[in-house]
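Trainee: I'm passing along start_36.pdb; it holds PDB, C-alpha atoms, pLDDT in the B column.
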```pdb
ATOM      1  CA  THR A  28      57.602 -35.894  91.057  1.00 32.00           C
ATOM      2  CA  GLU A  29      61.193 -35.083  90.212  1.00 35.00           C
ATOM      3  CA  ALA A  30      63.257 -32.974  92.622  1.00 34.00           C
ATOM      4  CA  ALA A  31      62.843 -29.896  90.466  1.00 48.00           C
ATOM      5  CA  LEU A  32      60.545 -26.928  90.206  1.00 52.00           C
ATOM      6  CA  GLY A  33      59.785 -24.365  87.538  1.00 53.00           C
ATOM      7  CA  CYS A  34      58.334 -20.931  88.213  1.00 54.00           C
ATOM      8  CA  GLY A  35      57.719 -18.382  85.503  1.00 51.00           C
ATOM      9  CA  GLN A  36      56.855 -14.770  84.820  1.00 44.00           C
ATOM     10  CA  ALA A  37      55.538 -13.549  81.502  1.00 41.00           C
ATOM     11  CA  ALA A  38      57.638 -11.955  78.754  1.00 39.00           C
ATOM     12  CA  PRO A  39      57.241 -11.619  74.957  1.00 32.00           C
ATOM     13  CA  ARG A  40      57.064 -14.947  73.128  1.00 31.00           C
ATOM     14  CA  ARG A  41      59.519 -15.704  70.331  1.00 29.00           C
ATOM     15  CA  ILE A  42      58.289 -17.442  67.191  1.00 26.00           C
ATOM     16  CA  GLY A  43      60.507 -19.599  65.018  1.00 28.00           C
ATOM     17  CA  VAL A  44      60.658 -22.470  62.578  1.00 29.00           C
ATOM     18  CA  ARG A  45      62.881 -25.528  62.665  1.00 30.00           C
ATOM     19  CA  ALA A  46      63.362 -28.375  60.219  1.00 32.00           C
ATOM     20  CA  ALA A  47      62.018 -31.858  60.908  1.00 34.00           C
ATOM     21  CA  LEU A  48      64.631 -34.387  61.978  1.00 39.00           C
ATOM     22  CA  ALA A  49      64.822 -38.063  61.162  1.00 43.00           C
ATOM     23  CA  PRO A  50      63.260 -40.305  63.832  1.00 43.00           C
ATOM     24  CA  ALA A  51      65.504 -41.957  66.373  1.00 45.00           C
ATOM     25  CA  VAL A  52      65.564 -45.738  66.540  1.00 45.00           C
ATOM     26  CA  VAL A  53      66.281 -47.086  70.018  1.00 46.00           C
ATOM     27  CA  MET A  54      67.544 -50.681  70.128  1.00 45.00           C
ATOM     28  CA  PRO A  55      68.395 -51.909  73.633  1.00 46.00           C
ATOM     29  CA  SER A  56      70.212 -55.225  73.613  1.00 44.00           C
ATOM     30  CA  SER A  57      68.898 -56.832  76.787  1.00 42.00           C
ATOM     31  CA  LEU A  58      65.302 -55.723  77.217  1.00 43.00           C
ATOM     32  CA  PRO A  59      61.974 -57.244  76.093  1.00 42.00           C
ATOM     33  CA  PRO A  60      61.112 -56.813  72.388  1.00 41.00           C
ATOM     34  CA  THR A  61      58.246 -54.763  71.009  1.00 42.00           C
ATOM     35  CA  SER A  62      55.503 -56.332  68.928  1.00 41.00           C
ATOM     36  CA  ARG A  63      56.132 -54.298  65.772  1.00 43.00           C
ATOM     37  CA  ASP A  64      58.293 -55.721  62.961  1.00 38.00           C
ATOM     38  CA  GLY A  65      57.963 -59.318  64.064  1.00 37.00           C
ATOM     39  CA  GLY A  66      59.336 -58.695  67.535  1.00 40.00           C
ATOM     40  CA  ALA A  67      62.321 -56.552  66.537  1.00 40.00           C
ATOM     41  CA  ARG A  68      64.049 -55.013  69.517  1.00 70.00           C
ATOM     42  CA  ALA A  69      63.394 -51.468  68.376  1.00 84.00           C
ATOM     43  CA  ALA A  70      61.111 -48.534  69.048  1.00 89.00           C
ATOM     44  CA  ARG A  71      60.883 -45.738  66.493  1.00 89.00           C
ATOM     45  CA  VAL A  72      60.368 -42.283  68.000  1.00 91.00           C
ATOM     46  CA  GLY A  73      59.879 -39.059  66.068  1.00 90.00           C
ATOM     47  CA  SER A  74      59.792 -35.518  67.438  1.00 89.00           C
ATOM     48  CA  PHE A  75      57.986 -32.589  65.837  1.00 89.00           C
ATOM     49  CA  ALA A  76      58.323 -29.662  68.244  1.00 85.00           C
ATOM     50  CA  GLY A  77      60.898 -28.054  70.487  1.00 83.00           C
ATOM     51  CA  PHE A  78      58.975 -24.991  71.648  1.00 81.00           C
ATOM     52  CA  TRP A  79      55.601 -23.259  71.421  1.00 82.00           C
ATOM     53  CA  GLY A  80      55.489 -21.749  67.947  1.00 77.00           C
ATOM     54  CA  ASP A  81      57.621 -24.430  66.311  1.00 77.00           C
ATOM     55  CA  SER A  82      56.599 -25.605  62.841  1.00 79.00           C
ATOM     56  CA  ALA A  83      53.546 -27.877  62.897  1.00 79.00           C
ATOM     57  CA  GLY A  84      54.626 -29.112  59.472  1.00 84.00           C
ATOM     58  CA  ALA A  85      57.336 -31.232  61.073  1.00 85.00           C
ATOM     59  CA  ALA A  86      54.683 -33.605  62.425  1.00 88.00           C
ATOM     60  CA  ALA A  87      53.251 -34.191  58.950  1.00 87.00           C
ATOM     61  CA  ALA A  88      56.760 -34.701  57.582  1.00 86.00           C
ATOM     62  CA  GLN A  89      57.519 -37.324  60.213  1.00 84.00           C
ATOM     63  CA  LEU A  90      54.264 -39.128  59.519  1.00 84.00           C
ATOM     64  CA  ALA A  91      54.808 -39.152  55.759  1.00 83.00           C
ATOM     65  CA  ALA A  92      58.489 -40.070  55.704  1.00 77.00           C
ATOM     66  CA  ALA A  93      58.854 -42.690  58.418  1.00 66.00           C
ATOM     67  CA  GLU A  94      58.989 -46.262  57.101  1.00 77.00           C
ATOM     68  CA  PRO A  95      58.330 -48.469  58.905  1.00 82.00           C
ATOM     69  CA  PRO A  96      55.818 -46.262  60.752  1.00 88.00           C
ATOM     70  CA  LEU A  97      56.745 -44.502  63.957  1.00 90.00           C
ATOM     71  CA  ASP A  98      55.769 -46.167  67.200  1.00 93.00           C
ATOM     72  CA  PHE A  99      55.595 -42.804  68.956  1.00 95.00           C
ATOM     73  CA  LEU A 100      55.443 -39.153  67.957  1.00 95.00           C
ATOM     74  CA  VAL A 101      56.403 -36.688  70.688  1.00 96.00           C
ATOM     75  CA  GLY A 102      56.281 -32.914  71.003  1.00 94.00           C
ATOM     76  CA  ASP A 103      57.820 -30.583  73.580  1.00 95.00           C
ATOM     77  CA  TYR A 104      56.185 -27.145  73.716  1.00 93.00           C
ATOM     78  CA  LEU A 105      57.004 -25.905  77.202  1.00 92.00           C
ATOM     79  CA  ALA A 106      59.514 -23.719  79.019  1.00 87.00           C
ATOM     80  CA  GLU A 107      59.178 -21.638  82.189  1.00 86.00           C
ATOM     81  CA  LEU A 108      58.475 -18.590  80.019  1.00 86.00           C
ATOM     82  CA  THR A 109      55.756 -20.526  78.205  1.00 89.00           C
ATOM     83  CA  MET A 110      54.146 -21.594  81.465  1.00 89.00           C
ATOM     84  CA  GLY A 111      54.030 -17.980  82.613  1.00 87.00           C
ATOM     85  CA  LEU A 112      52.447 -16.888  79.358  1.00 88.00           C
ATOM     86  CA  LEU A 113      49.828 -19.626  79.499  1.00 90.00           C
ATOM     87  CA  ALA A 114      49.036 -18.854  83.129  1.00 88.00           C
ATOM     88  CA  SER A 115      48.675 -15.136  82.414  1.00 86.00           C
ATOM     89  CA  ARG A 116      46.163 -15.642  79.626  1.00 79.00           C
ATOM     90  CA  GLY A 117      44.098 -18.405  81.208  1.00 68.00           C
ATOM     91  CA  GLY A 118      40.505 -17.275  81.627  1.00 60.00           C
ATOM     92  CA  ARG A 119      40.912 -14.065  79.629  1.00 64.00           C
ATOM     93  CA  LYS A 120      38.318 -13.363  76.979  1.00 58.00           C
ATOM     94  CA  GLY A 121      39.490 -13.915  73.424  1.00 55.00           C
ATOM     95  CA  ARG A 122      37.788 -13.632  70.063  1.00 60.00           C
ATOM     96  CA  GLY A 123      34.035 -13.979  70.264  1.00 58.00           C
ATOM     97  CA  GLY A 124      34.158 -13.566  74.042  1.00 57.00           C
ATOM     98  CA  ARG A 125      35.432 -17.115  74.556  1.00 67.00           C
ATOM     99  CA  PRO A 126      37.970 -17.743  77.340  1.00 69.00           C
ATOM    100  CA  THR A 127      41.552 -17.955  76.093  1.00 79.00           C
ATOM    101  CA  PRO A 128      42.913 -21.454  76.797  1.00 86.00           C
ATOM    102  CA  SER A 129      45.836 -21.984  79.139  1.00 87.00           C
ATOM    103  CA  HIS A 130      46.986 -25.032  77.186  1.00 91.00           C
ATOM    104  CA  ILE A 131      48.624 -25.275  73.743  1.00 92.00           C
ATOM    105  CA  ALA A 132      45.509 -25.246  71.587  1.00 92.00           C
ATOM    106  CA  GLU A 133      47.623 -25.290  68.413  1.00 92.00           C
ATOM    107  CA  PHE A 134      48.411 -28.961  68.966  1.00 94.00           C
ATOM    108  CA  GLY A 135      44.782 -29.921  68.604  1.00 94.00           C
ATOM    109  CA  LYS A 136      44.051 -27.595  65.671  1.00 94.00           C
ATOM    110  CA  ASP A 137      47.286 -27.825  63.680  1.00 94.00           C
ATOM    111  CA  VAL A 138      48.612 -31.306  64.468  1.00 94.00           C
ATOM    112  CA  TRP A 139      45.977 -33.675  65.809  1.00 96.00           C
ATOM    113  CA  ALA A 140      42.993 -32.560  63.706  1.00 96.00           C
ATOM    114  CA  PRO A 141      44.683 -32.963  60.290  1.00 95.00           C
ATOM    115  CA  LEU A 142      46.885 -35.955  61.145  1.00 95.00           C
ATOM    116  CA  ALA A 143      44.820 -38.054  63.546  1.00 96.00           C
ATOM    117  CA  ASP A 144      43.490 -40.527  60.995  1.00 96.00           C
ATOM    118  CA  GLY A 145      46.952 -41.172  59.558  1.00 94.00           C
ATOM    119  CA  LEU A 146      48.490 -41.569  62.995  1.00 95.00           C
ATOM    120  CA  LEU A 147      45.805 -43.983  64.138  1.00 96.00           C
ATOM    121  CA  LYS A 148      45.995 -45.996  60.910  1.00 94.00           C
ATOM    122  CA  ARG A 149      49.748 -46.399  61.302  1.00 93.00           C
ATOM    123  CA  GLY A 150      49.510 -47.246  64.990  1.00 93.00           C
ATOM    124  CA  THR A 151      51.581 -44.227  65.996  1.00 94.00           C
ATOM    125  CA  ARG A 152      50.842 -43.030  69.515  1.00 96.00           C
ATOM    126  CA  VAL A 153      51.338 -39.404  70.496  1.00 97.00           C
ATOM    127  CA  VAL A 154      52.873 -37.923  73.653  1.00 98.00           C
ATOM    128  CA  VAL A 155      52.943 -34.132  74.059  1.00 97.00           C
ATOM    129  CA  ASN A 156      53.184 -31.624  76.886  1.00 96.00           C
ATOM    130  CA  ALA A 157      50.564 -29.454  75.183  1.00 95.00           C
ATOM    131  CA  GLY A 158      48.533 -29.486  78.391  1.00 94.00           C
ATOM    132  CA  GLY A 159      50.446 -26.440  79.599  1.00 93.00           C
ATOM    133  CA  MET A 160      48.697 -25.111  82.690  1.00 92.00           C
ATOM    134  CA  ASP A 161      45.525 -27.153  82.091  1.00 93.00           C
ATOM    135  CA  PRO A 162      46.075 -30.719  80.801  1.00 95.00           C
ATOM    136  CA  LEU A 163      42.448 -31.677  81.488  1.00 95.00           C
ATOM    137  CA  ALA A 164      41.199 -28.879  79.231  1.00 94.00           C
ATOM    138  CA  ALA A 165      43.657 -29.986  76.543  1.00 95.00           C
ATOM    139  CA  LYS A 166      42.316 -33.537  76.804  1.00 96.00           C
ATOM    140  CA  ALA A 167      38.741 -32.252  76.492  1.00 96.00           C
ATOM    141  CA  ALA A 168      39.688 -30.192  73.422  1.00 96.00           C
ATOM    142  CA  ILE A 169      41.229 -33.216  71.683  1.00 96.00           C
ATOM    143  CA  GLU A 170      38.181 -35.309  72.519  1.00 97.00           C
ATOM    144  CA  ALA A 171      35.937 -32.583  71.069  1.00 97.00           C
ATOM    145  CA  ILE A 172      37.935 -32.701  67.821  1.00 97.00           C
ATOM    146  CA  ASN A 173      37.469 -36.474  67.705  1.00 97.00           C
ATOM    147  CA  LYS A 174      33.736 -36.169  68.319  1.00 96.00           C
ATOM    148  CA  GLU A 175      33.319 -33.527  65.617  1.00 95.00           C
ATOM    149  CA  ALA A 176      35.191 -35.774  63.156  1.00 95.00           C
ATOM    150  CA  GLY A 177      33.040 -38.787  64.073  1.00 95.00           C
ATOM    151  CA  ARG A 178      36.133 -40.539  65.371  1.00 94.00           C
ATOM    152  CA  SER A 179      35.339 -43.040  68.136  1.00 93.00           C
ATOM    153  CA  GLY A 180      37.377 -45.393  70.282  1.00 94.00           C
ATOM    154  CA  VAL A 181      40.330 -43.018  70.619  1.00 96.00           C
ATOM    155  CA  VAL A 182      41.696 -42.971  74.162  1.00 96.00           C
ATOM    156  CA  VAL A 183      43.063 -39.596  75.258  1.00 97.00           C
ATOM    157  CA  ALA A 184      44.863 -39.459  78.618  1.00 96.00           C
ATOM    158  CA  ALA A 185      45.906 -36.398  80.626  1.00 96.00           C
ATOM    159  CA  VAL A 186      48.804 -36.258  83.080  1.00 96.00           C
ATOM    160  CA  ALA A 187      48.099 -33.551  85.652  1.00 94.00           C
ATOM    161  CA  GLY A 188      49.126 -32.609  89.186  1.00 92.00           C
ATOM    162  CA  ASP A 189      52.169 -30.464  88.409  1.00 92.00           C
ATOM    163  CA  ASP A 190      50.511 -27.080  89.094  1.00 91.00           C
ATOM    164  CA  LEU A 191      51.614 -25.912  92.554  1.00 88.00           C
ATOM    165  CA  ARG A 192      50.328 -22.341  92.561  1.00 87.00           C
ATOM    166  CA  LYS A 193      47.782 -22.993  95.318  1.00 90.00           C
ATOM    167  CA  GLU A 194      50.359 -24.836  97.417  1.00 88.00           C
ATOM    168  CA  TYR A 195      53.210 -22.382  96.839  1.00 83.00           C
ATOM    169  CA  ASP A 196      53.023 -20.354 100.054  1.00 85.00           C
ATOM    170  CA  ALA A 197      52.560 -23.430 102.232  1.00 89.00           C
ATOM    171  CA  LEU A 198      55.518 -25.138 100.562  1.00 86.00           C
ATOM    172  CA  VAL A 199      57.690 -22.068 101.159  1.00 83.00           C
ATOM    173  CA  GLU A 200      56.685 -21.951 104.826  1.00 83.00           C
ATOM    174  CA  ARG A 201      57.600 -25.642 105.214  1.00 88.00           C
ATOM    175  CA  GLY A 202      60.951 -25.100 103.535  1.00 83.00           C
ATOM    176  CA  ARG A 203      60.067 -27.280 100.561  1.00 84.00           C
ATOM    177  CA  ILE A 204      60.575 -24.403  98.101  1.00 77.00           C
ATOM    178  CA  THR A 205      63.290 -21.755  98.183  1.00 75.00           C
ATOM    179  CA  PRO A 206      61.894 -18.497  96.770  1.00 71.00           C
ATOM    180  CA  PHE A 207      63.789 -16.395  94.256  1.00 69.00           C
ATOM    181  CA  ALA A 208      66.819 -14.716  95.859  1.00 66.00           C
ATOM    182  CA  VAL A 209      65.845 -11.022  95.777  1.00 65.00           C
ATOM    183  CA  PRO A 210      66.298  -8.136  98.219  1.00 66.00           C
ATOM    184  CA  GLY A 211      63.744  -8.152 101.004  1.00 65.00           C
ATOM    185  CA  ASP A 212      61.965  -5.022  99.831  1.00 68.00           C
ATOM    186  CA  GLU A 213      61.376  -6.639  96.427  1.00 71.00           C
ATOM    187  CA  ALA A 214      60.187 -10.038  97.649  1.00 69.00           C
ATOM    188  CA  GLU A 215      56.542  -9.028  97.951  1.00 73.00           C
ATOM    189  CA  ALA A 216      56.448  -7.647  94.410  1.00 73.00           C
ATOM    190  CA  VAL A 217      58.130 -10.773  93.040  1.00 71.00           C
ATOM    191  CA  ARG A 218      55.621 -12.992  94.834  1.00 73.00           C
ATOM    192  CA  ALA A 219      52.727 -10.905  93.516  1.00 75.00           C
ATOM    193  CA  GLY A 220      54.085 -11.277  89.987  1.00 77.00           C
ATOM    194  CA  LEU A 221      54.487 -15.046  90.162  1.00 79.00           C
ATOM    195  CA  LEU A 222      52.392 -16.519  87.382  1.00 85.00           C
ATOM    196  CA  SER A 223      53.231 -20.218  87.399  1.00 87.00           C
ATOM    197  CA  CYS A 224      54.835 -22.737  89.705  1.00 87.00           C
ATOM    198  CA  ASN A 225      55.069 -26.321  88.512  1.00 89.00           C
ATOM    199  CA  ALA A 226      56.686 -29.538  89.648  1.00 89.00           C
ATOM    200  CA  TYR A 227      58.510 -31.494  86.961  1.00 92.00           C
ATOM    201  CA  LEU A 228      56.710 -34.814  86.783  1.00 93.00           C
ATOM    202  CA  GLY A 229      58.605 -37.869  85.571  1.00 94.00           C
ATOM    203  CA  ALA A 230      58.027 -40.550  82.942  1.00 95.00           C
ATOM    204  CA  ALA A 231      56.049 -42.987  85.128  1.00 94.00           C
ATOM    205  CA  PRO A 232      52.574 -41.455  84.581  1.00 95.00           C
ATOM    206  CA  ILE A 233      53.180 -41.323  80.824  1.00 96.00           C
ATOM    207  CA  LYS A 234      54.123 -45.007  80.834  1.00 95.00           C
ATOM    208  CA  ALA A 235      51.026 -45.794  82.926  1.00 95.00           C
ATOM    209  CA  ALA A 236      48.773 -43.990  80.441  1.00 96.00           C
ATOM    210  CA  LEU A 237      50.292 -45.870  77.500  1.00 96.00           C
ATOM    211  CA  ASP A 238      50.092 -49.151  79.417  1.00 95.00           C
ATOM    212  CA  ALA A 239      46.370 -48.453  79.883  1.00 95.00           C
ATOM    213  CA  GLY A 240      45.881 -48.116  76.120  1.00 95.00           C
ATOM    214  CA  ALA A 241      46.053 -44.362  75.496  1.00 96.00           C
ATOM    215  CA  HIS A 242      46.481 -43.304  71.882  1.00 97.00           C
ATOM    216  CA  VAL A 243      47.276 -39.730  72.935  1.00 97.00           C
ATOM    217  CA  VAL A 244      48.919 -38.637  76.182  1.00 97.00           C
ATOM    218  CA  VAL A 245      48.845 -34.918  76.938  1.00 97.00           C
ATOM    219  CA  THR A 246      50.803 -33.636  79.921  1.00 96.00           C
ATOM    220  CA  GLY A 247      51.506 -30.440  81.766  1.00 95.00           C
ATOM    221  CA  ARG A 248      55.052 -29.775  82.973  1.00 94.00           C
ATOM    222  CA  VAL A 249      57.204 -32.880  82.872  1.00 95.00           C
ATOM    223  CA  VAL A 250      60.928 -33.484  82.665  1.00 93.00           C
ATOM    224  CA  ASP A 251      61.875 -32.989  79.006  1.00 92.00           C
ATOM    225  CA  THR A 252      63.293 -36.492  78.699  1.00 93.00           C
ATOM    226  CA  ALA A 253      60.082 -38.001  80.143  1.00 95.00           C
ATOM    227  CA  LEU A 254      58.350 -37.416  76.812  1.00 96.00           C
ATOM    228  CA  VAL A 255      60.667 -40.030  75.281  1.00 95.00           C
ATOM    229  CA  LEU A 256      61.501 -42.138  78.325  1.00 94.00           C
ATOM    230  CA  GLY A 257      57.807 -42.795  79.066  1.00 95.00           C
ATOM    231  CA  PRO A 258      57.109 -44.304  75.630  1.00 95.00           C
ATOM    232  CA  LEU A 259      60.335 -46.333  75.709  1.00 94.00           C
ATOM    233  CA  ALA A 260      59.507 -47.657  79.182  1.00 93.00           C
ATOM    234  CA  HIS A 261      56.114 -48.722  77.860  1.00 94.00           C
ATOM    235  CA  ALA A 262      57.558 -50.328  74.723  1.00 93.00           C
ATOM    236  CA  PHE A 263      60.250 -52.305  76.519  1.00 91.00           C
ATOM    237  CA  GLY A 264      58.501 -52.974  79.810  1.00 90.00           C
ATOM    238  CA  TRP A 265      60.961 -50.998  81.904  1.00 89.00           C
ATOM    239  CA  ASP A 266      60.335 -50.591  85.623  1.00 87.00           C
ATOM    240  CA  LEU A 267      60.565 -46.873  86.382  1.00 84.00           C
ATOM    241  CA  ALA A 268      61.099 -47.299  90.093  1.00 76.00           C
ATOM    242  CA  PRO A 269      64.354 -45.492  91.042  1.00 67.00           C
ATOM    243  CA  SER A 270      67.057 -47.470  89.275  1.00 59.00           C
ATOM    244  CA  PRO A 271      69.711 -47.144  86.541  1.00 56.00           C
ATOM    245  CA  ASN A 272      67.002 -47.670  83.872  1.00 52.00           C
ATOM    246  CA  ASP A 273      66.680 -43.902  83.372  1.00 51.00           C
ATOM    247  CA  ALA A 274      70.317 -43.790  82.274  1.00 53.00           C
ATOM    248  CA  LYS A 275      69.902 -46.855  80.052  1.00 54.00           C
ATOM    249  CA  ALA A 276      67.303 -45.016  78.015  1.00 51.00           C
ATOM    250  CA  LEU A 277      69.913 -42.444  77.069  1.00 48.00           C
ATOM    251  CA  ASP A 278      72.667 -44.893  76.048  1.00 45.00           C
TER
END
```
Transcribe the structure of this file into structure tokens.

Mentor:
Amino acid sequence: TEAALGCGQAAPRRIGVRAALAPAVVMPSSLPPTSRDGGARAARVGSFAGFWGDSAGAAAAQLAAAEPPLDFLVGDYLAELTMGLLASRGGRKGRGGRPTPSHIAEFGKDVWAPLADGLLKRGTRVVVNAGGMDPLAAKAAIEAINKEAGRSGVVVAAVAGDDLRKEYDALVERGRITPFAVPGDEAEAVRAGLLSCNAYLGAAPIKAALDAGAHVVVTGRVVDTALVLGPLAHAFGWDLAPSPNDAKALD
């Protein structure tokens, strides 16, 4: 895990729309080539989301406009506020008495379901942090969509292990976490109101999932840049052991 931690409390969610951006083309000069485009030293990465509630139409726009096809499509839904919201609604009863998911269900319904066949046909692999507080449930939901569509052979991977709610008190006692700086008489109330506590995982597990053949990688809380660095590390064979490679990906 990275040396960072995110803890959240719930507040009203803001909804917005943002325009789709042109995909970035990363072309390192001294790293192994990818197989696309006859071995060109390039990886095409498109992004369709910057927050929960962002326009799902950006994913379709990226898929339709990118020529040659994208190698990777990534989406970033999460913030500390989002994690708190997802944690607060997890397990609650929603419409029809069904439990309300604590992952970003909109990814499966609004992005993967309508675009999966086009993405798979073009060889575009997807990396999203739509797992929220429950990446395994998000993986199961995507697999259910595939099954309902009669789509087989699609590998969906989940990156989990970031949820530290059960370990929080023990980590505080061991000095591994510094609680919020609040007056002593408020500390108990703040602790009682803590909804989420997540480690920021890095790019290595995303790379490992792609290396293993995943078409879709769904994560919980990860470093924002990991959503792009993981695919690039997979494409160019980068070793993500502590080294300057992380900085190279941003050059």

Trainee: Selected by the PyMOL selection byres ((chain A and resi 186) around 6) in the shown coordinates: which residues, as number ranges by chain?

Mentor: A: 185, 187, 246

Trainee: Calculate how many Å separate atom CA of Asp266 of chain A from atom CA of Ala236 of chain A, rounding to one decimal.

Mentor: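 A separation of 14.3 Å between them.
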
Trainee: Within 7 Å of (49.4, -22.4, 68.9) (file coordinates; all atoms listed in the file), which protein or nucleic acid residues are there? I'd like them as a list of chain:residue names.

Mentor: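 Counting all atoms listed in the file, I find these residues within 7 Å of (49.4, -22.4, 68.9): A:Trp79, A:Gly80, A:Ile131, A:Ala132, A:Glu133, A:Phe134.
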
Trainee: Using all atoms of segment 92-101 of chain A listed in the file and a margin of 3 Å per side, can you give the axis-aligned box centre and edge lengths in Å to one decimal, as lines of an AutoDock Vina configuration file?

Mentor:
```
center_x = 57.2
center_y = -42.6
center_z = 63.2
size_x = 9.5
size_y = 17.8
size_z = 21.0
```

Trainee: Considering all atoms listed in the file, return as a PDB file with C-alpha atoms, in the frame of the given file whatever protein or nucleic-acid residues lie within 7 Å of Asp98 of chain A, sequence-local ones (same chain, fewer than 3 positions apart) excluded.

Mentor:
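The file below, part-v4.pdb, is the result:
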```
ATOM      1  CA  ALA A  70      61.111 -48.534  69.048  1.00 89.00           C
ATOM      2  CA  ARG A  71      60.883 -45.738  66.493  1.00 89.00           C
ATOM      3  CA  VAL A  72      60.368 -42.283  68.000  1.00 91.00           C
ATOM      4  CA  GLY A 150      49.510 -47.246  64.990  1.00 93.00           C
ATOM      5  CA  THR A 151      51.581 -44.227  65.996  1.00 94.00           C
ATOM      6  CA  ARG A 152      50.842 -43.030  69.515  1.00 96.00           C
TER       7      ARG A 152
END
```

Trainee: For the PyMOL selection byres ((chain A and resi 223) around 7), applied here, can you spell out every residue it catches as a ChimeraX atom specification?

Mentor: /A:34-35,110-111,114,192,221-222,224-225

Trainee: Write out the residues from the selection above, keeping C-alpha atoms, as an mmCIF file, in the frame of the given file.

Mentor:
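Saved the output as result.cif:
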```cif
data_model
loop_
_atom_site.group_PDB
_atom_site.id
_atom_site.type_symbol
_atom_site.label_atom_id
_atom_site.label_comp_id
_atom_site.auth_asym_id
_atom_site.auth_seq_id
_atom_site.Cartn_x
_atom_site.Cartn_y
_atom_site.Cartn_z
ATOM 1 C CA CYS A 34 58.334 -20.931 88.213
ATOM 2 C CA GLY A 35 57.719 -18.382 85.503
ATOM 3 C CA MET A 110 54.146 -21.594 81.465
ATOM 4 C CA GLY A 111 54.030 -17.980 82.613
ATOM 5 C CA ALA A 114 49.036 -18.854 83.129
ATOM 6 C CA ARG A 192 50.328 -22.341 92.561
ATOM 7 C CA LEU A 221 54.487 -15.046 90.162
ATOM 8 C CA LEU A 222 52.392 -16.519 87.382
ATOM 9 C CA CYS A 224 54.835 -22.737 89.705
ATOM 10 C CA ASN A 225 55.069 -26.321 88.512
#
```

Trainee: Counting all atoms listed in the file, figure out which residue out of A:Ala91, A:Ala239, A:Leu256, A:Val245 gets nearest to Ala164 of chain A.

Mentor: A:Val245

Trainee: Write out as a list of chain:residue names the residues lying within 8 Å of Ala86 of chain A, counting all atoms listed in the file and excluding same-chain residues fewer than 4 positions away.

Mentor: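 My list of contacting residues is A:Ala47, A:Ser74, A:Phe75, A:Ala76, A:Leu90, A:Leu100, A:Val138.
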
Trainee: Please list, as a list in words, the residues that have an atom at most 7 Å away from (55.6, -36.3, 72.9) in the coordinates of this file, counting only C-alpha atoms.

Mentor: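 Neighbouring residues, ordered by chain and number, come to Ser74, Leu100, Val101, Gly102, Asp103, Val153, Val154, Val155, Asn156, Leu254 and Val255 of chain A.
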
Trainee: Could you please determine the separation between atom CA of Ala241 of chain A and atom CA of Val182 of chain A in Å, to one decimal place?

Mentor: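 Answer for the atom CA of Ala241 of chain A to atom CA of Val182 of chain A separation: 4.8 Å.
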
Trainee: One decimal, in Å: what's the spacing between atom CA of Leu142 of chain A and atom CA of Leu259 of chain A?

Mentor: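 We find that atom CA of Leu142 of chain A and atom CA of Leu259 of chain A lie 22.4 Å from each other.
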
Trainee: Looking at all atoms listed in the file, which of A:Gly240, A:Pro96, A:Pro232, A:Pro128 is the one that sits closest to Ala157 of chain A?

Mentor: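 Closest to Ala157 of chain A of all the choices is A:Pro128.
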
Trainee: Between A:Gly220, A:Gly264, A:Gly177, A:Pro258, single out the one closest to His242 of chain A, counting all atoms listed in the file.

Mentor: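 Ranked by minimum distance to His242 of chain A, first place goes to A:Pro258.
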
Trainee: Determine the nearest neighbour of Ala231 of chain A from the options A:Leu267, A:Asp196, A:Arg248, A:Arg201, counting only C-alpha atoms.

Mentor: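 Counting only C-alpha atoms, the residue closest to Ala231 of chain A is A:Leu267.
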
Trainee: Excluding Phe78 of chain A and its own-chain neighbours fewer than 4 positions away, which residues fall within 8 Å of it when counting all atoms listed in the file? Please give them as JSON, numbers by chain.

Mentor: {"A": [103, 104, 105, 106]}

Trainee: Rank nothing, just name the residue among A:Val243, A:His130, A:Ala85, A:Leu97 nearest to Thr109 of chain A, using only C-alpha atoms.

Mentor: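 Between A:Val243, A:His130, A:Ala85, A:Leu97, the residue approaching Thr109 of chain A most closely is A:His130.
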
Trainee: Ranking A:Glu194, A:Glu107, A:Asp161, A:Asp81 by minimum distance to Ser129 of chain A and counting all atoms listed in the file, which one comes first?

Mentor: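 Using all atoms listed in the file, Ser129 of chain A sits closest to A:Asp161.
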